$ cat coords-v7.txt   # compact mmCIF, C-alpha atoms and all ligand atoms
# COMPACT_ATOMS: atom_id res chain seq x y z
CA MET A 1 -16.35 -33.89 -17.62
CA THR A 2 -15.60 -31.43 -20.43
CA LEU A 3 -17.31 -28.06 -20.42
CA PRO A 4 -19.25 -26.86 -23.49
CA ASP A 5 -16.79 -25.27 -25.95
CA ASP A 6 -18.74 -22.05 -26.26
CA LEU A 7 -19.40 -21.48 -22.53
CA PRO A 8 -17.05 -18.93 -20.94
CA VAL A 9 -16.32 -19.60 -17.25
CA VAL A 10 -15.71 -16.29 -15.54
CA ASP A 11 -14.46 -15.18 -12.12
CA HIS A 12 -15.86 -11.67 -11.81
CA HIS A 13 -13.57 -10.44 -9.01
CA CYS A 14 -10.12 -11.62 -8.03
CA HIS A 15 -6.72 -10.22 -7.12
CA LEU A 16 -3.30 -11.45 -8.26
CA ALA A 17 0.04 -10.18 -7.01
CA PRO A 18 3.45 -10.29 -8.70
CA ARG A 19 4.92 -11.56 -5.40
CA GLY A 20 2.13 -14.08 -4.87
CA GLU A 21 1.26 -17.09 -6.98
CA SER A 22 0.52 -14.68 -9.83
CA VAL A 23 0.30 -16.23 -13.33
CA GLU A 24 0.56 -19.72 -11.79
CA ALA A 25 -2.85 -19.18 -10.11
CA ALA A 26 -4.35 -18.20 -13.48
CA ARG A 27 -2.89 -21.39 -14.97
CA ARG A 28 -4.68 -23.42 -12.28
CA PHE A 29 -7.89 -21.52 -13.08
CA ALA A 30 -7.46 -22.38 -16.77
CA ALA A 31 -6.60 -26.01 -16.07
CA ALA A 32 -9.84 -26.32 -14.08
CA GLY A 33 -11.81 -24.91 -17.05
CA GLY A 34 -11.82 -21.15 -16.37
CA THR A 35 -11.55 -18.73 -19.29
CA HIS A 36 -11.95 -15.10 -18.10
CA LEU A 37 -10.88 -13.12 -15.02
CA PHE A 38 -11.84 -9.65 -13.86
CA LEU A 39 -8.62 -8.58 -12.14
CA ALA A 40 -9.10 -5.93 -9.44
CA THR A 41 -6.07 -3.85 -8.53
CA GLN A 42 -4.67 -3.86 -4.98
CA ASN A 43 -1.72 -2.48 -3.03
CA TYR A 44 1.24 -4.60 -4.01
CA THR A 45 3.50 -3.27 -1.27
CA PRO A 46 2.91 -3.27 2.51
CA GLU A 47 2.70 0.56 2.54
CA THR A 48 -0.47 2.38 1.54
CA PRO A 49 0.17 4.73 -1.42
CA THR A 50 0.44 8.38 -0.35
CA THR A 51 1.11 9.89 -3.79
CA LEU A 52 -0.61 9.81 -7.16
CA ALA A 53 2.55 8.27 -8.62
CA GLY A 54 2.14 5.43 -6.11
CA TYR A 55 -1.31 4.66 -7.46
CA GLU A 56 -0.26 5.06 -11.07
CA SER A 57 2.49 2.49 -10.62
CA GLN A 58 0.01 0.19 -8.86
CA PHE A 59 -2.42 0.45 -11.81
CA ALA A 60 0.44 -0.17 -14.27
CA THR A 61 1.34 -3.33 -12.33
CA THR A 62 -2.26 -4.60 -12.60
CA ILE A 63 -2.39 -3.89 -16.34
CA ALA A 64 0.97 -5.60 -16.93
CA LEU A 65 -0.13 -8.61 -14.86
CA ALA A 66 -3.34 -8.89 -16.91
CA GLU A 67 -1.27 -8.95 -20.10
CA ARG A 68 0.99 -11.66 -18.69
CA VAL A 69 -2.03 -13.74 -17.64
CA ALA A 70 -3.45 -13.51 -21.17
CA LYS A 71 -0.13 -14.41 -22.79
CA GLU A 72 1.20 -17.02 -20.39
CA ALA A 73 -1.99 -18.63 -19.05
CA SER A 74 -4.30 -18.03 -22.07
CA VAL A 75 -6.92 -16.52 -19.78
CA THR A 76 -8.61 -13.31 -20.90
CA CYS A 77 -8.06 -10.81 -18.11
CA TYR A 78 -9.94 -7.53 -17.62
CA PRO A 79 -8.31 -4.94 -15.30
CA VAL A 80 -10.54 -3.09 -12.82
CA LEU A 81 -8.85 -0.04 -11.28
CA ALA A 82 -9.39 2.36 -8.37
CA PRO A 83 -7.73 3.41 -5.11
CA TYR A 84 -8.94 1.02 -2.40
CA PRO A 85 -11.50 2.83 -0.18
CA VAL A 86 -9.91 1.47 3.04
CA ASP A 87 -6.64 3.24 2.10
CA LEU A 88 -8.26 6.55 2.99
CA ILE A 89 -7.99 5.80 6.72
CA ALA A 90 -4.18 5.48 6.68
CA GLN A 91 -3.84 8.36 4.20
CA ALA A 92 -5.94 10.67 6.40
CA LYS A 93 -3.59 9.96 9.31
CA GLU A 94 -0.54 10.71 7.25
CA LEU A 95 -1.74 13.55 5.01
CA GLY A 96 -4.85 14.87 6.75
CA PRO A 97 -8.36 13.97 5.55
CA ARG A 98 -8.73 16.65 2.87
CA ALA A 99 -5.43 15.84 1.15
CA ALA A 100 -6.27 12.13 1.45
CA MET A 101 -9.57 12.72 -0.30
CA GLU A 102 -7.88 14.76 -3.03
CA LEU A 103 -5.31 12.00 -3.56
CA GLN A 104 -8.06 9.38 -3.95
CA CYS A 105 -9.97 11.63 -6.36
CA ALA A 106 -6.85 12.18 -8.48
CA ALA A 107 -6.21 8.42 -8.51
CA LEU A 108 -9.81 7.81 -9.60
CA GLU A 109 -9.33 10.22 -12.49
CA SER A 110 -6.19 8.37 -13.49
CA ALA A 111 -8.14 5.07 -13.38
CA GLY A 112 -10.84 6.70 -15.53
CA ARG A 113 -8.24 7.58 -18.16
CA GLU A 114 -7.05 3.96 -18.26
CA VAL A 115 -10.65 2.91 -18.97
CA GLU A 116 -11.09 5.57 -21.64
CA GLU A 117 -7.88 4.43 -23.31
CA GLY A 118 -8.99 0.79 -23.27
CA ARG A 119 -6.57 -0.60 -20.69
CA ALA A 120 -9.22 -1.30 -18.03
CA VAL A 121 -12.94 -2.15 -18.10
CA ALA A 122 -14.32 -0.69 -14.87
CA ILE A 123 -13.69 1.56 -11.85
CA GLY A 124 -13.35 -0.58 -8.71
CA GLU A 125 -13.24 -1.27 -5.90
CA VAL A 126 -14.94 1.95 -4.80
CA GLY A 127 -17.23 2.67 -1.88
CA ARG A 128 -16.37 2.68 1.80
CA PRO A 129 -14.62 0.54 4.41
CA HIS A 130 -16.63 -2.63 5.19
CA PHE A 131 -16.06 -2.03 8.93
CA VAL A 132 -16.87 0.79 11.35
CA TYR A 133 -14.48 3.72 10.92
CA GLY A 134 -14.17 7.20 12.46
CA GLU A 135 -17.26 9.37 12.05
CA GLU A 136 -14.96 12.34 11.31
CA LEU A 137 -13.90 10.64 8.07
CA LYS A 138 -17.41 10.02 6.77
CA GLU A 139 -17.76 13.17 4.65
CA TYR A 140 -14.42 12.44 2.96
CA VAL A 141 -15.23 8.77 2.33
CA ASP A 142 -18.60 9.77 0.89
CA GLY A 143 -16.99 12.49 -1.23
CA VAL A 144 -14.57 9.99 -2.77
CA PHE A 145 -17.40 7.50 -3.42
CA ARG A 146 -19.47 10.16 -5.19
CA HIS A 147 -16.48 11.18 -7.29
CA ALA A 148 -15.86 7.52 -8.19
CA LEU A 149 -19.35 7.30 -9.68
CA GLU A 150 -18.80 10.57 -11.57
CA VAL A 151 -15.54 9.27 -13.02
CA ALA A 152 -17.18 5.96 -14.05
CA ARG A 153 -20.12 7.88 -15.51
CA ASP A 154 -17.81 10.07 -17.62
CA ALA A 155 -15.76 7.04 -18.73
CA GLY A 156 -19.01 5.18 -19.58
CA CYS A 157 -18.00 2.13 -17.55
CA PRO A 158 -19.31 0.12 -14.57
CA ALA A 159 -18.42 0.91 -10.95
CA VAL A 160 -17.65 -2.08 -8.69
CA VAL A 161 -18.64 -1.32 -5.11
CA HIS A 162 -16.79 -2.45 -1.97
CA CYS A 163 -18.74 -1.93 1.27
CA GLU A 164 -20.39 -3.83 4.11
CA GLU A 165 -22.94 -6.58 3.32
CA LEU A 166 -26.15 -4.84 2.18
CA ASP A 167 -29.82 -5.56 2.83
CA GLY A 168 -32.66 -4.23 0.67
CA GLY A 169 -32.39 -0.77 2.26
CA GLY A 170 -28.66 -0.72 1.55
CA PHE A 171 -29.22 -1.53 -2.12
CA LEU A 172 -31.86 1.20 -2.30
CA SER A 173 -29.43 3.79 -0.91
CA LEU A 174 -26.74 2.68 -3.42
CA ALA A 175 -29.24 3.16 -6.22
CA ALA A 176 -30.15 6.58 -4.78
CA LEU A 177 -26.48 7.61 -4.72
CA ALA A 178 -26.19 6.54 -8.36
CA SER A 179 -29.15 8.69 -9.28
CA THR A 180 -27.84 11.80 -7.48
CA THR A 181 -24.56 11.48 -9.41
CA LEU A 182 -26.39 10.71 -12.69
CA PHE A 183 -24.62 7.36 -12.81
CA PRO A 184 -26.68 4.66 -14.60
CA VAL A 185 -27.71 2.18 -11.88
CA GLN A 186 -27.55 -0.74 -14.33
CA LYS A 187 -23.75 -0.26 -14.38
CA LEU A 188 -23.46 -0.48 -10.60
CA VAL A 189 -22.14 -3.78 -9.19
CA LYS A 190 -22.02 -4.82 -5.51
CA HIS A 191 -19.03 -7.09 -5.11
CA TYR A 192 -18.66 -9.77 -2.38
CA HIS A 193 -22.39 -10.29 -1.89
CA ARG A 194 -22.86 -13.31 0.34
CA HIS A 195 -26.53 -13.60 1.29
CA PRO A 196 -28.93 -13.60 -1.67
CA LEU A 197 -31.95 -11.32 -1.16
CA PRO A 198 -35.33 -11.55 -2.85
CA GLN A 199 -34.75 -10.55 -6.48
CA ASN A 200 -36.86 -7.36 -6.19
CA GLU A 201 -34.63 -5.92 -3.41
CA TYR A 202 -31.57 -5.18 -5.56
CA ALA A 203 -32.96 -1.83 -6.80
CA GLY A 204 -31.36 -2.36 -10.21
CA VAL A 205 -27.84 -2.97 -8.80
CA ALA A 206 -26.09 -6.15 -10.05
CA PRO A 207 -24.94 -8.46 -7.23
CA SER A 208 -21.62 -10.30 -7.59
CA TYR A 209 -22.09 -13.37 -5.41
CA LEU A 210 -19.22 -14.92 -3.49
CA ALA A 211 -18.95 -18.45 -4.94
CA GLN A 212 -19.51 -20.28 -1.67
CA ARG A 213 -20.85 -23.83 -1.69
CA GLY A 214 -24.53 -23.96 -2.71
CA ILE A 215 -24.80 -20.38 -3.97
CA LEU A 216 -24.73 -21.26 -7.67
CA GLU A 217 -27.69 -23.64 -7.24
CA GLU A 218 -29.51 -21.00 -5.19
CA VAL A 219 -29.27 -18.17 -7.73
CA LEU A 220 -29.00 -20.03 -11.05
CA ASP A 221 -32.62 -19.43 -12.03
CA ARG A 222 -32.41 -15.69 -11.40
CA PRO A 223 -32.51 -13.35 -14.40
CA ALA A 224 -29.38 -11.44 -15.41
CA PRO A 225 -27.51 -9.42 -14.32
CA TRP A 226 -25.57 -11.21 -11.58
CA PHE A 227 -22.02 -12.47 -11.31
CA LEU A 228 -19.92 -15.03 -9.46
CA GLU A 229 -16.57 -14.25 -7.84
CA THR A 230 -13.98 -15.69 -5.48
CA ASP A 231 -12.29 -12.41 -4.40
CA PHE A 232 -9.11 -14.55 -4.48
CA LEU A 233 -6.39 -12.58 -2.66
CA ASP A 234 -3.18 -14.29 -3.83
CA ASP A 235 -1.53 -13.60 -0.50
CA PRO A 236 1.08 -16.26 0.36
CA ARG A 237 0.88 -15.21 4.03
CA ARG A 238 -2.82 -16.08 4.15
CA PRO A 239 -3.25 -19.38 2.29
CA GLY A 240 -6.85 -20.55 2.37
CA ALA A 241 -8.07 -17.20 3.80
CA VAL A 242 -10.42 -16.84 0.85
CA LEU A 243 -11.82 -19.02 -1.92
CA ASP A 244 -9.28 -20.50 -4.28
CA LEU A 245 -9.10 -19.21 -7.85
CA ALA A 246 -10.12 -22.64 -9.25
CA THR A 247 -13.42 -22.58 -7.28
CA ILE A 248 -15.77 -21.28 -9.98
CA PRO A 249 -14.75 -23.71 -12.76
CA ARG A 250 -14.91 -26.56 -10.22
CA ARG A 251 -18.41 -25.58 -9.09
CA VAL A 252 -19.55 -25.21 -12.71
CA LYS A 253 -18.26 -28.68 -13.59
CA ALA A 254 -19.88 -30.26 -10.54
CA LEU A 255 -23.19 -28.59 -11.40
CA LEU A 256 -23.08 -29.71 -15.04
CA GLU A 257 -22.30 -33.26 -13.97
CA ARG A 258 -25.49 -33.33 -11.92
CA ASP A 259 -27.55 -31.34 -14.44
CA PRO A 260 -26.21 -31.02 -18.01
CA THR A 261 -29.19 -28.79 -18.91
CA ALA A 262 -27.79 -26.02 -16.63
CA ALA A 263 -25.35 -24.86 -19.33
CA ASP A 264 -27.90 -22.48 -20.83
CA ARG A 265 -28.61 -20.83 -17.49
CA LEU A 266 -24.86 -20.45 -16.86
CA ARG A 267 -24.80 -18.04 -19.80
CA ARG A 268 -26.59 -15.55 -17.52
CA PRO A 269 -23.61 -14.78 -15.25
CA PHE A 270 -20.94 -15.58 -17.84
CA CYS A 271 -22.36 -13.90 -21.02
CA GLU A 272 -25.63 -12.01 -20.61
CA SER A 273 -24.70 -10.18 -17.41
CA ILE A 274 -21.32 -9.07 -18.76
CA GLU A 275 -23.00 -7.83 -21.91
CA ALA A 276 -25.70 -6.02 -19.91
CA VAL A 277 -23.37 -4.32 -17.42
CA TYR A 278 -20.04 -4.00 -19.29
CA GLY A 279 -21.34 -3.81 -22.85
CA PHE A 280 -19.19 -6.56 -24.34
CA ARG A 281 -19.55 -10.29 -24.71
CA PRO A 282 -16.70 -12.55 -23.57
CA ASP A 283 -15.79 -15.00 -26.31
CA VAL A 284 -14.06 -18.32 -25.99
CA ALA A 285 -12.66 -18.27 -29.51
CA ARG A 286 -9.27 -19.54 -28.38
CA GLY A 287 -10.88 -22.63 -26.94
CA ARG A 288 -10.68 -23.85 -23.42
CA GLN A 289 -7.88 -25.89 -21.96
CA ALA A 290 -9.93 -28.22 -19.79
ZN ZN B 301 -11.47 -7.44 -3.88

$ encode --input "coords-v7.txt" --output "structure tokens"
Amino acid sequence: MTLPDDLPVVDHHCHLAPRGESVEAARRFAAAGGTHLFLATQNYTPETPTTLAGYESQFATTIALAERVAKEASVTCYPVLAPYPVDLIAQAKELGPRAAMELQCAALESAGREVEEGRAVAIGEVGRPHFVYGEELKEYVDGVFRHALEVARDAGCPAVVHCEELDGGGFLSLAALASTTLFPVQKLVKHYHRHPLPQNEYAGVAPSYLAQRGILEEVLDRPAPWFLETDFLDDPRRPGAVLDLATIPRRVKALLERDPTAADRLRRPFCESIEAVYGFRPDVARGRQA
């Protein structure tokens, strides 16, 4: 089965690591028919960064990796940068909560500059730990989250949210946080969304669905904006812990084999939603490899 030439196939949230499979994983994605990756930064060393320089070198690694993926795997790769919200827990232990918050805020501002200078397309992942953490940290976690939305607002880019699975009330409170920080809710994305809600419960926030079996069929008829992602981790110590990077092109091919008319609806996650939330349209001018 060959995919339509003009249909981008996009993984909206993945991680790659220089010490992991790295560019090789992007080659597998391309060989399966994938064309575009949104590459979220991560800690590339076992230690959590405790200095701004630590985060700046992490962001530089992500940007360099995205360039290598484009050059060596012919996959367009969009960096998404921010200090990981979970880092705050370890940083608070080491530096104290206030200094930890200030470090994260400074790292967010550095990520915002990368967006303004065209080296990244969004601020992410931002939000809060997806698990229960110490109540005494809550005001600092919330302070960093608010500042993340201010930085994204000033850079004019989307903010990609990492937090626990949300129900309708959770989406409403995200939208409320956006409005108190004057961040446009239509640029807010909830990543790793696993259980589709009724369409009217997203409060204007764009869900990025984890590409588990059956999800594409379940949400395909929904209007934009929504995305598909694997959250691929590229961690050689945890093979198979998450979805493989070739998952989305494989699911797209399987769907089109059963229903060739689905190609038009696939433009919602892969073209229309990116245009609506990010403000650009991914092109497939270089042609696909599979
Ligand atoms: Zn992630």

$ residues_around --input "coords-v7.txt" --residues "segment 115-122 of chain A" --least-positions-apart "2" --cutoff "6 Å" --atoms "all atoms listed in the file" --output "PyMOL selection string"
chain A and resi 79-80+112-113+155+157-159

$ residues_near_point --input "coords-v7.txt" --point "(-11.3, 3.3, -3.6)" --cutoff "10 Å" --atoms "only C-alpha atoms" --output "list in words"
Gln42, Leu81, Ala82, Pro83, Tyr84, Pro85, Val86, Asp87, Leu88, Gln104, Cys105, Ala107, Leu108, Ile123, Gly124, Glu125, Val126, Gly127, Arg128, Pro129, Val141, Val144, Phe145, Ala148, Val160, Val161 and His162 of chain A

$ residues_around --input "coords-v7.txt" --residues "segment 277-281 of chain A" --least-positions-apart "5" --cutoff "10 Å" --atoms "all atoms listed in the file" --output "PyMOL selection string"
chain A and resi 8+121-122+156-159+184-189+205-206+224-226+270-272

$ closest_residue --input "coords-v7.txt" --among "A:Thr230, A:Leu216, A:Asp167, A:Glu275" --to "Glu201 of chain A" --atoms "only C-alpha atoms"
A:Asp167

$ residues_near_ligand --input "coords-v7.txt" --ligand "ligand ZN 301 (chain B)" --cutoff "8 Å" --atoms "all atoms listed in the file" --output "ChimeraX atom specification"
/A:13-15,40-42,125,162,191-192,231-233

$ atom_distance --input "coords-v7.txt" --atom1 "atom CA of Ala263 of chain A" --atom2 "atom CA of Val242 of chain A"
26.4 Å

$ atom_distance --input "coords-v7.txt" --atom1 "atom CA of Ala254 of chain A" --atom2 "atom CA of Met1 of chain A"
8.7 Å

$ residues_around --input "coords-v7.txt" --residues "segment 58-65 of chain A" --least-positions-apart "2" --cutoff "9 Å" --atoms "all atoms listed in the file" --output "MDAnalysis selection string"
chainID A and resid 16:18 22:23 39:44 49 53:56 67:70 77:82 110:111 114 119:120

$ atom_distance --input "coords-v7.txt" --atom1 "atom CA of Arg238 of chain A" --atom2 "atom CA of Gly20 of chain A"
10.5 Å

$ closest_residue --input "coords-v7.txt" --among "A:Ala92, A:Ala25, A:Val284, A:Ala100" --to "Asp234 of chain A" --atoms "all atoms listed in the file"
A:Ala25

$ closest_residue --input "coords-v7.txt" --among "A:Glu109, A:Asp235, A:Glu229, A:Asp264" --to "Pro46 of chain A" --atoms "only C-alpha atoms"
A:Asp235

$ residues_around --input "coords-v7.txt" --residues "Arg251 of chain A" --least-positions-apart "3" --cutoff "12 Å" --atoms "all atoms listed in the file" --output "PyMOL selection string"
chain A and resi 3+9-11+29+32-34+211-217+228-230+243-248+254-258+266

$ closest_residue --input "coords-v7.txt" --among "A:Glu21, A:Glu102, A:Glu139, A:Glu72" --to "Thr51 of chain A" --atoms "all atoms listed in the file"
A:Glu102

$ closest_residue --input "coords-v7.txt" --among "A:Arg222, A:His193, A:Leu7, A:Gly143" --to "Leu210 of chain A" --atoms "all atoms listed in the file"
A:His193
